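Raw run-v4.cif, mmCIF, C-alpha atoms and all ligand atoms:
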```cif
data_run
loop_
_atom_site.label_atom_id
_atom_site.label_comp_id
_atom_site.auth_asym_id
_atom_site.auth_seq_id
_atom_site.Cartn_x
_atom_site.Cartn_y
_atom_site.Cartn_z
CA MET A 203 -7.60 23.84 -5.53
CA SER A 204 -5.30 23.04 -2.57
CA THR A 205 -1.66 22.51 -3.49
CA ALA A 206 -0.55 21.34 -0.06
CA GLY A 207 1.95 18.53 0.10
CA ILE A 208 5.44 17.39 1.03
CA HIS A 209 7.82 20.31 1.40
CA ASP A 210 10.94 18.39 2.42
CA LEU A 211 11.86 14.94 3.73
CA GLU A 212 14.63 13.15 5.57
CA LEU A 213 15.57 9.46 5.88
CA ALA A 214 17.02 7.54 8.81
CA THR A 215 17.82 3.88 9.26
CA THR A 216 19.68 1.58 11.63
CA HIS A 217 23.33 1.19 12.64
CA HIS A 218 23.70 -2.29 11.14
CA VAL A 219 23.16 -3.89 7.74
CA LEU A 220 22.99 -7.55 6.69
CA ASP A 221 23.92 -8.70 3.20
CA MET A 222 21.25 -10.89 1.60
CA ALA A 223 23.89 -13.13 0.00
CA ASP A 224 25.18 -13.95 3.53
CA LEU A 225 21.64 -14.72 4.69
CA ALA A 226 21.03 -16.91 1.63
CA ALA A 227 24.25 -18.86 2.32
CA ALA A 228 23.23 -19.40 5.96
CA ARG A 229 19.76 -20.58 4.93
CA GLY A 230 21.04 -22.85 2.13
CA VAL A 231 19.16 -20.85 -0.50
CA ASP A 232 20.39 -19.78 -3.97
CA PRO A 233 21.35 -16.09 -3.44
CA ASN A 234 19.51 -15.18 -6.64
CA LYS A 235 16.24 -16.07 -4.95
CA TYR A 236 16.76 -13.05 -2.67
CA LEU A 237 18.72 -10.81 -5.05
CA VAL A 238 16.56 -11.39 -8.14
CA GLY A 239 13.45 -13.37 -7.11
CA ILE A 240 12.58 -11.04 -4.23
CA GLY A 241 14.73 -8.15 -5.41
CA GLN A 242 16.57 -7.32 -2.17
CA SER A 243 20.34 -6.74 -1.76
CA ARG A 244 20.66 -5.85 1.93
CA MET A 245 18.51 -5.16 4.97
CA SER A 246 18.84 -2.79 7.91
CA VAL A 247 19.21 -4.35 11.37
CA PRO A 248 18.71 -2.28 14.54
CA ALA A 249 21.43 -2.12 17.22
CA PRO A 250 20.26 -2.83 20.81
CA ASP A 251 19.98 0.93 21.47
CA GLU A 252 17.86 1.65 18.38
CA ASP A 253 14.12 1.35 17.74
CA VAL A 254 11.34 3.18 15.90
CA VAL A 255 11.55 6.09 18.34
CA THR A 256 15.28 6.70 17.82
CA MET A 257 14.96 6.42 14.01
CA ALA A 258 11.98 8.82 14.01
CA ALA A 259 13.75 11.37 16.23
CA THR A 260 16.92 11.14 14.12
CA ALA A 261 15.09 11.79 10.83
CA ALA A 262 12.94 14.56 12.32
CA SER A 263 15.80 16.37 14.08
CA ARG A 264 17.70 16.68 10.79
CA LEU A 265 14.59 18.01 9.05
CA LEU A 266 13.89 20.56 11.79
CA GLU A 267 17.53 21.75 11.71
CA ARG A 268 16.67 23.09 8.25
CA HIS A 269 13.12 24.32 8.90
CA GLY A 270 12.75 25.14 12.59
CA THR A 271 9.57 24.61 14.61
CA GLU A 272 7.69 27.83 13.87
CA ASP A 273 4.01 27.22 13.03
CA LEU A 274 4.45 23.50 13.66
CA ARG A 275 1.02 22.36 14.86
CA ALA A 276 1.14 18.58 14.73
CA LEU A 277 3.58 15.67 14.95
CA LEU A 278 1.93 12.58 13.46
CA VAL A 279 3.90 9.35 13.73
CA ALA A 280 2.81 6.27 11.82
CA THR A 281 4.17 2.91 12.92
CA GLU A 282 3.16 -0.71 13.37
CA THR A 283 6.17 -1.32 15.65
CA GLY A 284 4.91 0.85 18.50
CA VAL A 285 6.85 0.61 21.78
CA ASP A 286 3.89 1.11 24.11
CA GLN A 287 0.19 0.27 24.03
CA SER A 288 -0.80 3.71 25.32
CA LYS A 289 1.86 6.39 24.95
CA ALA A 290 2.38 7.47 21.34
CA VAL A 291 5.80 7.20 19.67
CA ALA A 292 5.08 10.82 18.70
CA THR A 293 5.03 11.87 22.36
CA PHE A 294 8.46 10.32 23.02
CA VAL A 295 9.79 12.06 19.89
CA HIS A 296 8.16 15.35 20.91
CA GLY A 297 10.12 15.25 24.17
CA MET A 298 13.41 14.20 22.56
CA LEU A 299 13.19 17.05 20.03
CA GLY A 300 12.12 19.59 22.65
CA LEU A 301 9.11 20.67 20.59
CA PRO A 302 6.77 23.38 21.89
CA SER A 303 3.78 22.08 23.89
CA SER A 304 1.50 23.67 21.25
CA VAL A 305 2.33 20.78 18.85
CA ARG A 306 -0.23 17.95 19.05
CA SER A 307 1.31 14.47 19.05
CA VAL A 308 -0.43 11.32 17.86
CA GLU A 309 0.49 7.80 16.71
CA LEU A 310 -1.42 6.26 13.79
CA LYS A 311 -1.70 2.57 12.88
CA GLN A 312 -3.05 0.52 9.99
CA ALA A 313 -0.12 -1.71 9.02
CA CYS A 314 1.99 -0.15 6.25
CA TYR A 315 -0.85 2.20 5.27
CA GLY A 316 -0.44 4.27 8.48
CA GLY A 317 2.05 6.68 6.90
CA THR A 318 -0.40 7.63 4.18
CA ALA A 319 -3.18 8.05 6.76
CA ALA A 320 -0.86 10.45 8.62
CA LEU A 321 -0.05 12.33 5.41
CA GLN A 322 -3.76 12.71 4.57
CA MET A 323 -4.50 13.90 8.12
CA ALA A 324 -1.68 16.44 7.79
CA LEU A 325 -3.10 17.70 4.49
CA GLY A 326 -6.47 18.17 6.23
CA ILE A 327 -4.87 20.22 9.03
CA VAL A 328 -2.99 22.40 6.52
CA ALA A 329 -6.11 22.86 4.36
CA ARG A 330 -7.97 24.23 7.40
CA GLU A 331 -5.07 26.38 8.62
CA PRO A 332 -2.72 27.18 5.69
CA SER A 333 -0.06 28.80 7.88
CA ALA A 334 0.28 25.56 9.87
CA ARG A 335 3.05 23.05 9.20
CA VAL A 336 2.83 19.39 10.15
CA LEU A 337 5.63 16.91 10.80
CA VAL A 338 4.71 13.43 9.55
CA ILE A 339 7.02 10.55 10.44
CA SER A 340 6.73 6.96 9.23
CA THR A 341 8.99 4.63 11.21
CA ASP A 342 9.12 0.84 11.38
CA VAL A 343 11.21 -2.25 11.95
CA ALA A 344 9.93 -5.20 9.88
CA ARG A 345 10.39 -8.44 11.84
CA TYR A 346 9.50 -12.00 10.91
CA ALA A 347 10.55 -15.15 12.76
CA LEU A 348 14.06 -16.46 11.98
CA GLY A 349 14.21 -19.01 9.18
CA THR A 350 10.73 -18.23 7.80
CA PRO A 351 9.95 -17.18 4.20
CA GLY A 352 9.36 -13.64 5.46
CA GLU A 353 12.90 -13.38 6.92
CA PRO A 354 14.56 -11.95 3.75
CA THR A 355 11.84 -9.28 3.60
CA GLN A 356 12.78 -7.64 6.92
CA GLY A 357 14.35 -4.17 7.19
CA ALA A 358 13.95 -0.83 8.94
CA ALA A 359 13.78 2.90 8.21
CA ALA A 360 12.08 6.15 9.11
CA VAL A 361 11.04 9.00 6.82
CA ALA A 362 10.23 12.40 8.30
CA MET A 363 8.25 14.73 6.03
CA LEU A 364 7.29 18.36 6.50
CA VAL A 365 3.78 18.98 5.14
CA THR A 366 2.99 22.58 4.20
CA ALA A 367 0.56 24.62 2.10
CA GLU A 368 3.29 25.51 -0.42
CA PRO A 369 5.39 22.38 -0.80
CA ALA A 370 8.70 22.32 -2.68
CA LEU A 371 8.88 18.56 -3.34
CA LEU A 372 5.42 17.16 -4.12
CA ALA A 373 1.99 18.84 -4.22
CA ILE A 374 -0.62 16.19 -3.46
CA GLU A 375 -3.63 16.26 -5.78
CA PRO A 376 -7.08 16.09 -4.15
CA VAL A 377 -8.43 12.84 -5.67
CA SER A 378 -7.67 9.62 -3.79
CA GLY A 379 -8.82 6.10 -4.59
CA LEU A 380 -9.52 4.03 -1.48
CA ALA A 381 -9.96 0.33 -0.75
CA THR A 382 -10.62 -1.07 2.72
CA ILE A 383 -10.96 -4.86 2.58
CA ASP A 384 -10.95 -6.92 5.82
CA VAL A 385 -8.51 -9.79 5.23
CA ASP A 386 -6.10 -11.79 7.43
CA ASP A 387 -3.06 -11.65 5.14
CA PHE A 388 -0.51 -10.26 7.63
CA TRP A 389 -0.81 -9.19 11.24
CA ARG A 390 1.07 -9.11 14.54
CA PRO A 391 -0.76 -10.30 17.65
CA ASN A 392 -0.24 -8.19 20.79
CA ASP A 393 1.85 -10.93 22.43
CA SER A 394 4.17 -11.46 19.45
CA THR A 395 7.33 -9.55 18.47
CA THR A 396 7.20 -10.95 14.94
CA ALA A 397 4.56 -10.74 12.23
CA VAL A 398 2.30 -13.61 11.18
CA VAL A 399 1.82 -13.78 7.42
CA ASP A 400 0.23 -15.84 4.69
CA GLY A 401 2.71 -14.87 1.96
CA ALA A 402 0.70 -15.93 -1.09
CA LEU A 403 -2.54 -14.48 0.29
CA SER A 404 -0.75 -11.21 1.12
CA MET A 405 0.54 -10.77 -2.43
CA GLY A 406 -2.95 -11.39 -3.83
CA ALA A 407 -4.52 -9.06 -1.24
CA TYR A 408 -2.03 -6.31 -2.16
CA GLN A 409 -2.94 -6.61 -5.85
CA ASN A 410 -6.71 -6.74 -5.18
CA SER A 411 -6.33 -3.62 -3.09
CA LEU A 412 -4.43 -1.88 -5.89
CA THR A 413 -7.08 -2.60 -8.53
CA ALA A 414 -9.94 -1.64 -6.16
CA ALA A 415 -8.18 1.60 -5.16
CA TRP A 416 -7.45 2.36 -8.82
CA ASP A 417 -11.12 1.84 -9.76
CA ASP A 418 -12.21 4.22 -7.00
CA PHE A 419 -9.55 6.74 -8.10
CA ALA A 420 -10.76 6.57 -11.72
CA ALA A 421 -14.45 6.78 -10.73
CA ARG A 422 -13.75 9.95 -8.72
CA GLY A 423 -12.09 11.74 -11.63
CA GLY A 424 -8.42 11.01 -10.87
CA ALA A 425 -5.85 11.65 -13.59
CA PRO A 426 -6.01 9.24 -16.55
CA ILE A 427 -3.24 6.65 -16.32
CA GLU A 428 -1.61 7.98 -19.51
CA GLN A 429 -1.05 11.29 -17.67
CA ILE A 430 0.86 9.69 -14.78
CA ASP A 431 4.58 9.93 -15.50
CA ARG A 432 6.09 7.89 -12.65
CA PHE A 433 4.76 5.32 -10.18
CA VAL A 434 5.85 4.43 -6.66
CA HIS A 435 4.14 1.39 -5.18
CA HIS A 436 4.49 0.12 -1.60
CA GLN A 437 7.58 -2.09 -1.49
CA PRO A 438 7.61 -4.93 1.06
CA PHE A 439 10.34 -6.17 -1.33
CA THR A 440 11.11 -4.55 -4.65
CA LYS A 441 9.78 -7.42 -6.81
CA MET A 442 6.34 -6.68 -5.32
CA ALA A 443 6.36 -3.21 -6.89
CA ARG A 444 7.16 -4.77 -10.29
CA LYS A 445 4.24 -7.15 -9.85
CA ALA A 446 1.99 -4.21 -8.86
CA HIS A 447 2.99 -2.27 -11.95
CA MET A 448 2.16 -5.23 -14.22
CA THR A 449 -1.15 -5.71 -12.41
CA LEU A 450 -2.07 -2.07 -13.00
CA ALA A 451 -1.16 -2.32 -16.69
CA ARG A 452 -3.27 -5.49 -17.09
CA HIS A 453 -6.18 -4.01 -15.14
CA THR A 454 -6.29 -0.73 -17.09
CA GLY A 455 -5.37 -2.27 -20.43
CA VAL A 456 -2.75 0.46 -20.86
CA ARG A 457 0.88 -0.36 -21.69
CA LEU A 458 3.04 0.87 -18.82
CA SER A 459 6.82 0.93 -19.00
CA GLY A 460 8.94 -0.63 -16.26
CA ALA A 461 11.16 2.47 -16.51
CA GLN A 462 8.31 4.49 -14.95
CA MET A 463 8.92 2.82 -11.58
CA GLU A 464 12.54 1.64 -11.75
CA SER A 465 14.31 4.54 -10.00
CA GLY A 466 11.94 4.29 -7.04
CA LEU A 467 13.31 0.85 -6.18
CA ALA A 468 16.96 1.63 -5.37
CA TYR A 469 16.71 2.62 -1.69
CA ASN A 470 14.23 -0.08 -0.59
CA ARG A 471 16.46 -2.68 -2.24
CA GLU A 472 19.13 -1.61 0.28
CA LEU A 473 17.01 -0.96 3.39
CA GLY A 474 14.46 -3.79 3.19
CA ASN A 475 10.83 -3.44 4.17
CA SER A 476 10.23 -0.46 6.42
CA TYR A 477 6.43 -0.93 6.50
CA THR A 478 4.91 2.59 6.87
CA ALA A 479 8.08 4.26 5.60
CA SER A 480 8.58 2.06 2.53
CA LEU A 481 6.41 4.11 0.11
CA TYR A 482 8.12 7.36 1.15
CA VAL A 483 11.58 5.78 0.95
CA ALA A 484 10.58 4.92 -2.64
CA LEU A 485 9.52 8.52 -3.26
CA ALA A 486 12.90 9.77 -1.97
CA SER A 487 14.64 7.23 -4.21
CA LEU A 488 12.74 8.49 -7.26
CA LEU A 489 13.28 12.21 -6.54
CA ASP A 490 16.99 11.66 -5.85
CA ALA A 491 17.59 9.59 -8.98
CA GLU A 492 15.96 11.67 -11.72
CA ASP A 493 16.80 15.24 -12.67
CA ASP A 494 13.90 16.11 -15.00
CA LEU A 495 10.86 15.48 -12.82
CA ALA A 496 9.76 19.12 -12.29
CA GLY A 497 6.04 19.39 -13.08
CA LYS A 498 5.73 15.62 -13.60
CA ARG A 499 2.89 13.60 -12.05
CA VAL A 500 3.74 10.74 -9.70
CA GLY A 501 1.19 8.02 -8.85
CA LEU A 502 1.57 6.56 -5.35
CA PHE A 503 0.04 3.29 -4.16
CA SER A 504 0.03 2.76 -0.42
CA TYR A 505 -0.89 -0.70 0.92
CA GLY A 506 -1.30 -1.83 4.50
CA SER A 507 -2.21 -5.44 5.19
CA GLY A 508 -5.44 -6.16 6.89
CA SER A 509 -6.14 -4.17 4.61
CA VAL A 510 -6.29 -0.56 3.41
CA GLY A 511 -5.02 0.67 0.06
CA GLU A 512 -4.90 4.17 -1.38
CA PHE A 513 -3.93 5.35 -4.85
CA PHE A 514 -3.20 9.07 -5.14
CA THR A 515 -1.08 11.43 -7.20
CA GLY A 516 1.26 14.36 -6.70
CA ILE A 517 3.00 16.90 -8.89
CA VAL A 518 6.76 17.35 -8.43
CA GLY A 519 7.73 20.94 -7.52
CA GLU A 520 9.54 23.21 -9.97
CA ASP A 521 12.41 23.67 -7.47
CA TYR A 522 12.71 20.12 -6.19
CA LEU A 523 16.35 19.85 -7.33
CA ALA A 524 17.27 22.57 -4.84
CA VAL A 525 15.53 20.79 -1.96
CA ARG A 526 16.28 17.10 -2.49
CA ARG A 527 19.43 15.78 -0.78
CA PRO A 528 20.68 12.71 -2.66
CA GLU A 529 24.17 12.72 -1.07
CA ALA A 530 22.72 12.84 2.45
CA ASP A 531 20.21 10.08 1.65
CA ARG A 532 22.91 7.87 0.17
CA ALA A 533 25.13 8.51 3.21
CA VAL A 534 22.33 7.23 5.50
CA ILE A 535 22.33 3.98 3.50
CA GLU A 536 26.11 3.66 3.04
CA ASP A 537 27.15 4.49 6.60
CA ARG A 538 25.63 1.31 8.05
CA VAL A 539 28.00 -1.16 9.69
CA PRO A 540 27.83 -4.74 8.32
CA VAL A 541 26.92 -7.65 10.63
CA GLY A 542 27.28 -11.37 9.99
CA VAL A 543 24.39 -13.79 10.23
CA GLU A 544 25.29 -14.97 13.77
CA GLU A 545 25.31 -11.42 15.14
CA TYR A 546 22.09 -10.57 13.28
CA MET A 547 20.39 -13.62 14.82
CA ALA A 548 21.59 -12.67 18.31
CA LEU A 549 20.19 -9.14 17.82
CA HIS A 550 16.93 -10.57 16.51
CA ARG A 551 16.51 -12.83 19.55
CA ARG A 552 17.17 -9.99 22.00
CA VAL A 553 13.84 -8.87 23.49
CA LEU A 554 13.76 -6.74 26.67
CA SER A 555 11.04 -7.29 29.24
CA SER A 556 9.48 -4.19 30.77
CA GLU A 557 9.45 -6.01 34.13
CA GLU A 558 13.15 -5.44 34.87
CA ASP A 559 15.38 -2.38 34.78
CA ALA A 560 17.99 -2.72 32.04
CA GLU A 561 20.63 -0.58 30.35
CA THR A 562 21.33 -1.01 26.66
CA PRO A 563 24.94 -1.01 25.37
CA ARG A 564 26.10 2.11 23.51
CA VAL A 565 26.30 1.17 19.84
CA THR A 566 24.42 3.60 17.60
CA ARG A 567 26.13 6.67 16.11
CA ALA A 568 22.71 8.33 15.62
CA PRO A 569 21.93 11.51 17.59
CA PHE A 570 19.47 9.65 19.87
CA ARG A 571 19.58 6.26 21.57
CA PHE A 572 17.31 3.97 23.55
CA ALA A 573 19.04 3.92 26.94
CA GLY A 574 16.99 1.08 28.45
CA ILE A 575 14.15 0.40 30.88
CA GLN A 576 13.81 2.09 34.24
CA GLY A 577 10.79 1.81 36.51
CA ARG A 578 9.00 -0.03 33.66
CA ALA A 579 9.34 3.06 31.40
CA ARG A 580 11.47 3.35 28.27
CA ARG A 581 14.29 5.87 28.54
CA TYR A 582 15.84 7.72 25.60
CA GLU A 583 18.82 10.07 25.49
CA ALA A 584 20.76 12.27 23.07
CA THR A 585 24.17 10.83 22.21
CA GLY A 586 25.96 14.09 21.35
P1 LIG A 601 8.83 -17.77 -0.70
O1 LIG A 601 7.63 -18.63 -0.71
O2 LIG A 601 10.01 -18.27 0.06
O3 LIG A 601 9.37 -17.43 -2.14
O4 LIG A 601 8.42 -16.36 -0.10
P2 LIG A 601 8.90 -17.96 -3.58
O5 LIG A 601 9.19 -19.41 -3.67
O6 LIG A 601 7.51 -17.48 -3.90
O7 LIG A 601 9.96 -17.19 -4.45
C1 LIG A 601 9.98 -15.80 -4.48
C2 LIG A 601 10.37 -15.36 -5.88
O8 LIG A 601 11.73 -15.76 -6.12
C3 LIG A 601 9.56 -16.01 -6.99
O9 LIG A 601 9.42 -15.02 -8.00
C4 LIG A 601 10.49 -17.12 -7.48
O10 LIG A 601 10.24 -17.51 -8.83
C5 LIG A 601 11.82 -16.45 -7.35
P3 LIG A 601 7.98 -14.72 -8.67
O11 LIG A 601 7.58 -15.98 -9.35
O12 LIG A 601 7.05 -14.39 -7.52
O13 LIG A 601 8.20 -13.58 -9.56
N1 LIG A 601 12.97 -17.37 -7.25
C6 LIG A 601 14.14 -17.17 -7.89
N2 LIG A 601 14.54 -16.21 -8.76
C7 LIG A 601 15.83 -16.29 -9.23
N3 LIG A 601 16.69 -17.28 -8.89
C8 LIG A 601 16.33 -18.26 -8.04
C9 LIG A 601 15.00 -18.23 -7.51
N4 LIG A 601 14.31 -19.03 -6.64
C10 LIG A 601 13.07 -18.48 -6.49
N5 LIG A 601 17.19 -19.22 -7.72
C11 LIG A 601 7.22 -14.29 0.10
C12 LIG A 601 8.11 -15.16 -0.78
C13 LIG A 601 7.15 -12.89 -0.49
C14 LIG A 601 5.83 -14.91 0.17
C15 LIG A 601 7.86 -14.21 1.53
O14 LIG A 601 9.09 -13.55 1.49
C16 LIG A 601 6.97 -13.51 2.55
O15 LIG A 601 6.08 -14.13 3.15
N6 LIG A 601 7.18 -12.17 2.81
C17 LIG A 601 6.38 -11.42 3.76
C18 LIG A 601 5.02 -11.05 3.21
C19 LIG A 601 5.06 -9.96 2.17
O16 LIG A 601 6.02 -9.22 2.06
N7 LIG A 601 3.97 -9.81 1.40
C20 LIG A 601 3.86 -8.79 0.41
C21 LIG A 601 2.45 -8.29 0.20
S1 LIG A 601 1.68 -7.75 1.73
C22 LIG A 601 2.39 -6.20 2.04
O17 LIG A 601 3.00 -5.62 1.20
C23 LIG A 601 2.19 -5.63 3.41
C24 LIG A 601 3.41 -5.71 4.33
O18 LIG A 601 4.37 -4.72 3.96
C25 LIG A 601 2.97 -5.54 5.77
C26 LIG A 601 2.11 -4.36 6.18
O19 LIG A 601 1.21 -3.91 5.47
O20 LIG A 601 2.29 -3.94 7.32
C27 LIG A 601 4.11 -7.05 4.25
#
```
Any chance you could give the structure as structure tokens?
Ligand code: HMG
Amino acid sequence: MSTAGIHDLELATTHHVLDMADLAAARGVDPNKYLVGIGQSRMSVPAPDEDVVTMAATAASRLLERHGTEDLRALLVATETGVDQSKAVATFVHGMLGLPSSVRSVELKQACYGGTAALQMALGIVAREPSARVLVISTDVARYALGTPGEPTQGAAAVAMLVTAEPALLAIEPVSGLATIDVDDFWRPNDSTTAVVDGALSMGAYQNSLTAAWDDFAARGGAPIEQIDRFVHHQPFTKMARKAHMTLARHTGVRLSGAQMESGLAYNRELGNSYTASLYVALASLLDAEDDLAGKRVGLFSYGSGSVGEFFTGIVGEDYLAVRRPEADRAVIEDRVPVGVEEYMALHRRVLSSEEDAETPRVTRAPFRFAGIQGRARRYEATG
């Protein structure tokens, strides 16, 4: 049986952070609606010289500092905030990291599910060529129109993961439960910089996807639910994961404890929705928070609107405590610079046209920045 999986991972987010209590005050909403009802404390806000490419390159560069590029055969970047209709985010990142030309580079998309599609593709590559290593990056900026119900569920992050045949963090088990259901619950038209969403429909679609994916998982011989020790569910906002957990308990008729998913909520509560990255932010949160997970089974539910869901499991590595980096992950979250609501709204409204050359102001302290548009092409540079 293949034991391939996630060997190591690294988080990145934006320069700025907005406090949900400040947003609630500006919108005339009881702060507890956001803090308790939705379950979000803060959200990441990109500076003008940050985007999904800079977050992806930042996370990946830190990962490759530890592991090098030897035997790296693919760079798979999942995003639904792509910066170009043709050139892959992966290809920009490949150039910024100076990767060998023998690394294939591809962008994958299916809303928030894209990261899991990339992970499964990576596992396939490693199964065929066990000496190969694959860099999987999920990177997104969640954007809804100002003043809409979706606004408090914005956020941004990237997670870079090294997938290998002998993983230290999480060995992915072979059984997956899948659910593809065509539904218009959330989407972003090509001419829009913000998502369109039917909030109530999207929450129902997420839960239908979970139960359908679970049924497929069970029918294919996946682990019985009593043998799954911890759960991480996709987190567009942390309350959604609580709802998912209750749905799974109701659907299976098995009593599940809230404690089985609690420690996976901490980081998303701070970062906000990061679409493709959200599930893997939750995994990092879980692995960083608990010290006795070695050999334990984690159930992961990945949901991407539109919709594709996948339920799968992994076994935490015996040496995960030596590989996880809780201080570094917490520093990524704590080093953000607060912005007020006015500044956040100005940043939100700022959209560059590709028609005109433009330089972006130097703001980010990350190792890479978006320098602006030149000759209709996006330009990136190292900041160091
Ligand atoms: P809303 O309609 O403004 O909020 O938007 P609400 O009135 O439903 O209230 C939200 C919760 O706050 C409720 O809790 C209220 O009771 C509670 P619930 O009953 O659901 O448990 N509440 C309070 N609690 C404490 N004190 C108070 C208080 N007031 C109210 N004073 C909605 C909510 C999530 C719909 C909105 O934010 C939205 O549209 N978000 C975007 C869509 C979304 O995230 N959908 C999730 C499922 S789809 C998905 O996960 C995919 C996605 O990540 C995209 C992708 O795949 O690419 C989004």
Find the spatial neighbours of Thr515 of chain A, counting all atoms listed in the file, within a cut-off of 9 Å - ignore same-chain residues fewer than 5 positions away - and output them as a ChimeraX atom specification.
/A:373-378,424-425,430,433,499-503
Counting all atoms listed in the file, which residues in segment 394-459 of chain A sit no more than 12 Å from segment 274-283 of chain A? For each one, give the nearest pair of atoms and the distance in Å, sorted by chain then residue number, as a tab-separated table.
```
residue	atom	partner	partner_atom	distance
A:Ser394	CA	A:Thr283	CA	11.0
A:Thr395	CA	A:Thr283	CA	8.8
A:Thr396	CA	A:Thr283	CA	9.7
A:Ala397	CA	A:Thr283	CA	10.2
```
Dump C-alpha atoms for the selected residues as an mmCIF file, in the frame of the given file?
```
data_model
loop_
_atom_site.group_PDB
_atom_site.id
_atom_site.type_symbol
_atom_site.label_atom_id
_atom_site.label_comp_id
_atom_site.auth_asym_id
_atom_site.auth_seq_id
_atom_site.Cartn_x
_atom_site.Cartn_y
_atom_site.Cartn_z
ATOM 1 C CA SER A 394 4.170 -11.460 19.450
ATOM 2 C CA THR A 395 7.330 -9.550 18.470
ATOM 3 C CA THR A 396 7.200 -10.950 14.940
ATOM 4 C CA ALA A 397 4.560 -10.740 12.230
#
```
Hey, which residues come within 6 Å of ligand LIG 601 (chain A) if we count all atoms listed in the file? Could you give them as a PDB file with C-alpha atoms, in the coordinates of the input?
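The result, written out as part06.pdb:
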```pdb
ATOM      1  CA  ASP A 232      20.390 -19.780  -3.970  1.00  0.00           C
ATOM      2  CA  ASN A 234      19.510 -15.180  -6.640  1.00  0.00           C
ATOM      3  CA  LYS A 235      16.240 -16.070  -4.950  1.00  0.00           C
ATOM      4  CA  VAL A 238      16.560 -11.390  -8.140  1.00  0.00           C
ATOM      5  CA  GLY A 239      13.450 -13.370  -7.110  1.00  0.00           C
ATOM      6  CA  ILE A 240      12.580 -11.040  -4.230  1.00  0.00           C
ATOM      7  CA  ALA A 313      -0.120  -1.710   9.020  1.00  0.00           C
ATOM      8  CA  CYS A 314       1.990  -0.150   6.250  1.00  0.00           C
ATOM      9  CA  PRO A 351       9.950 -17.180   4.200  1.00  0.00           C
ATOM     10  CA  GLY A 352       9.360 -13.640   5.460  1.00  0.00           C
ATOM     11  CA  THR A 355      11.840  -9.280   3.600  1.00  0.00           C
ATOM     12  CA  VAL A 399       1.820 -13.780   7.420  1.00  0.00           C
ATOM     13  CA  GLY A 401       2.710 -14.870   1.960  1.00  0.00           C
ATOM     14  CA  ALA A 402       0.700 -15.930  -1.090  1.00  0.00           C
ATOM     15  CA  SER A 404      -0.750 -11.210   1.120  1.00  0.00           C
ATOM     16  CA  MET A 405       0.540 -10.770  -2.430  1.00  0.00           C
ATOM     17  CA  TYR A 408      -2.030  -6.310  -2.160  1.00  0.00           C
ATOM     18  CA  PRO A 438       7.610  -4.930   1.060  1.00  0.00           C
ATOM     19  CA  TYR A 477       6.430  -0.930   6.500  1.00  0.00           C
ATOM     20  CA  TYR A 505      -0.890  -0.700   0.920  1.00  0.00           C
ATOM     21  CA  GLY A 506      -1.300  -1.830   4.500  1.00  0.00           C
ATOM     22  CA  SER A 507      -2.210  -5.440   5.190  1.00  0.00           C
TER      23      SER A 507
END
```
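One distance worth recording is that between atom CA of Ala259 of chain A and atom CA of Val543 of chain A, which is 28.0 Å.
Nearest residue to Ala407 of chain A, choosing from A:Val510, A:Ala320, A:Leu211, A:Ile327 and counting all atoms listed in the file: A:Val510.
If you measure from each of A:Val285, A:Ala362, A:Ile575, A:Val518 to Thr562 of chain A using all atoms listed in the file, the closest one turns out to be A:Ile575.
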Which residues come within 9 Å of segment 453-455 of chain A, counting only C-alpha atoms, excluding same-chain residues fewer than 4 positions away, as a PyMOL selection string?
chain A and resi 413+416+427+448-449
So what do you get for atom CA of Ser333 of chain A versus atom CA of Val525 of chain A, distance-wise?
20.1 Å
The distance between atom CA of Tyr582 of chain A and atom CA of Ser487 of chain A is 29.8 Å
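Using only C-alpha atoms, the smallest distance between any of A:Gly497, A:Pro248, A:Gly577, A:Gly460 and Gln356 of chain A comes from A:Pro248.
If you measure from each of A:Lys441, A:Phe513, A:His447, A:Gly357 to Ala414 of chain A using all atoms listed in the file, the closest one turns out to be A:Phe513.
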Residues at most 12 Å from segment 290-300 of chain A, counting only C-alpha atoms, excluding those fewer than 3 positions away in the same chain, as a PyMOL selection string?
chain A and resi 253-267+270-271+274-287+303-311+320+337-342+362+569-572+579-585
Shortest interatomic distance to Val483 of chain A - which of A:Ala560, A:Ala358, A:Ala344, A:Ala227, counting all atoms listed in the file
A:Ala358
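Shortest separation to Gly574 of chain A among A:Asp251, A:Gln429, A:Leu213, A:Thr350 occurs at residue A:Asp251, atoms counted being all atoms listed in the file.
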All residues 12 Å or closer to Leu523 of chain A, all atoms listed in the file, same chain fewer than 6 positions away omitted, as an MDAnalysis selection string
chainID A and resid 210 370:372 486 488:497
Give as a compact mmCIF listing (two decimals) with C-alpha atoms, keeping the file's coordinate frame each residue that has an atom at most 8 Å from (-5.7, -7.7, 8.8) in the file, counting all atoms listed in the file.
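Ended up saving to selection-v9.txt:
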```
# COMPACT_ATOMS: atom_id res chain seq x y z
CA ASP A 384 -10.95 -6.92 5.82
CA VAL A 385 -8.51 -9.79 5.23
CA ASP A 386 -6.10 -11.79 7.43
CA ASP A 387 -3.06 -11.65 5.14
CA PHE A 388 -0.51 -10.26 7.63
CA TRP A 389 -0.81 -9.19 11.24
CA SER A 507 -2.21 -5.44 5.19
CA GLY A 508 -5.44 -6.16 6.89
CA SER A 509 -6.14 -4.17 4.61
```
Exercise on segment 220-230 of chain A, axis-aligned box with 6 Å per side, report centre and edge lengths in Å to one decimal, as JSON:
```
{"center_x": 22.5, "center_y": -15.2, "center_z": 3.3, "size_x": 17.4, "size_y": 27.3, "size_z": 18.7}
```
For segment 293-297 of chain A, write C-alpha atoms out as a CSV table (one decimal), in the first residue's frame.
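In the end it all went to selection.csv:
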```
chain,number,residue,atom,x,y,z
A,293,THR,CA,5.0,29.3,-14.0
A,294,PHE,CA,5.5,32.7,-12.4
A,295,VAL,CA,6.5,31.0,-9.1
A,296,HIS,CA,8.8,28.7,-11.0
A,297,GLY,CA,10.7,31.7,-12.3
```
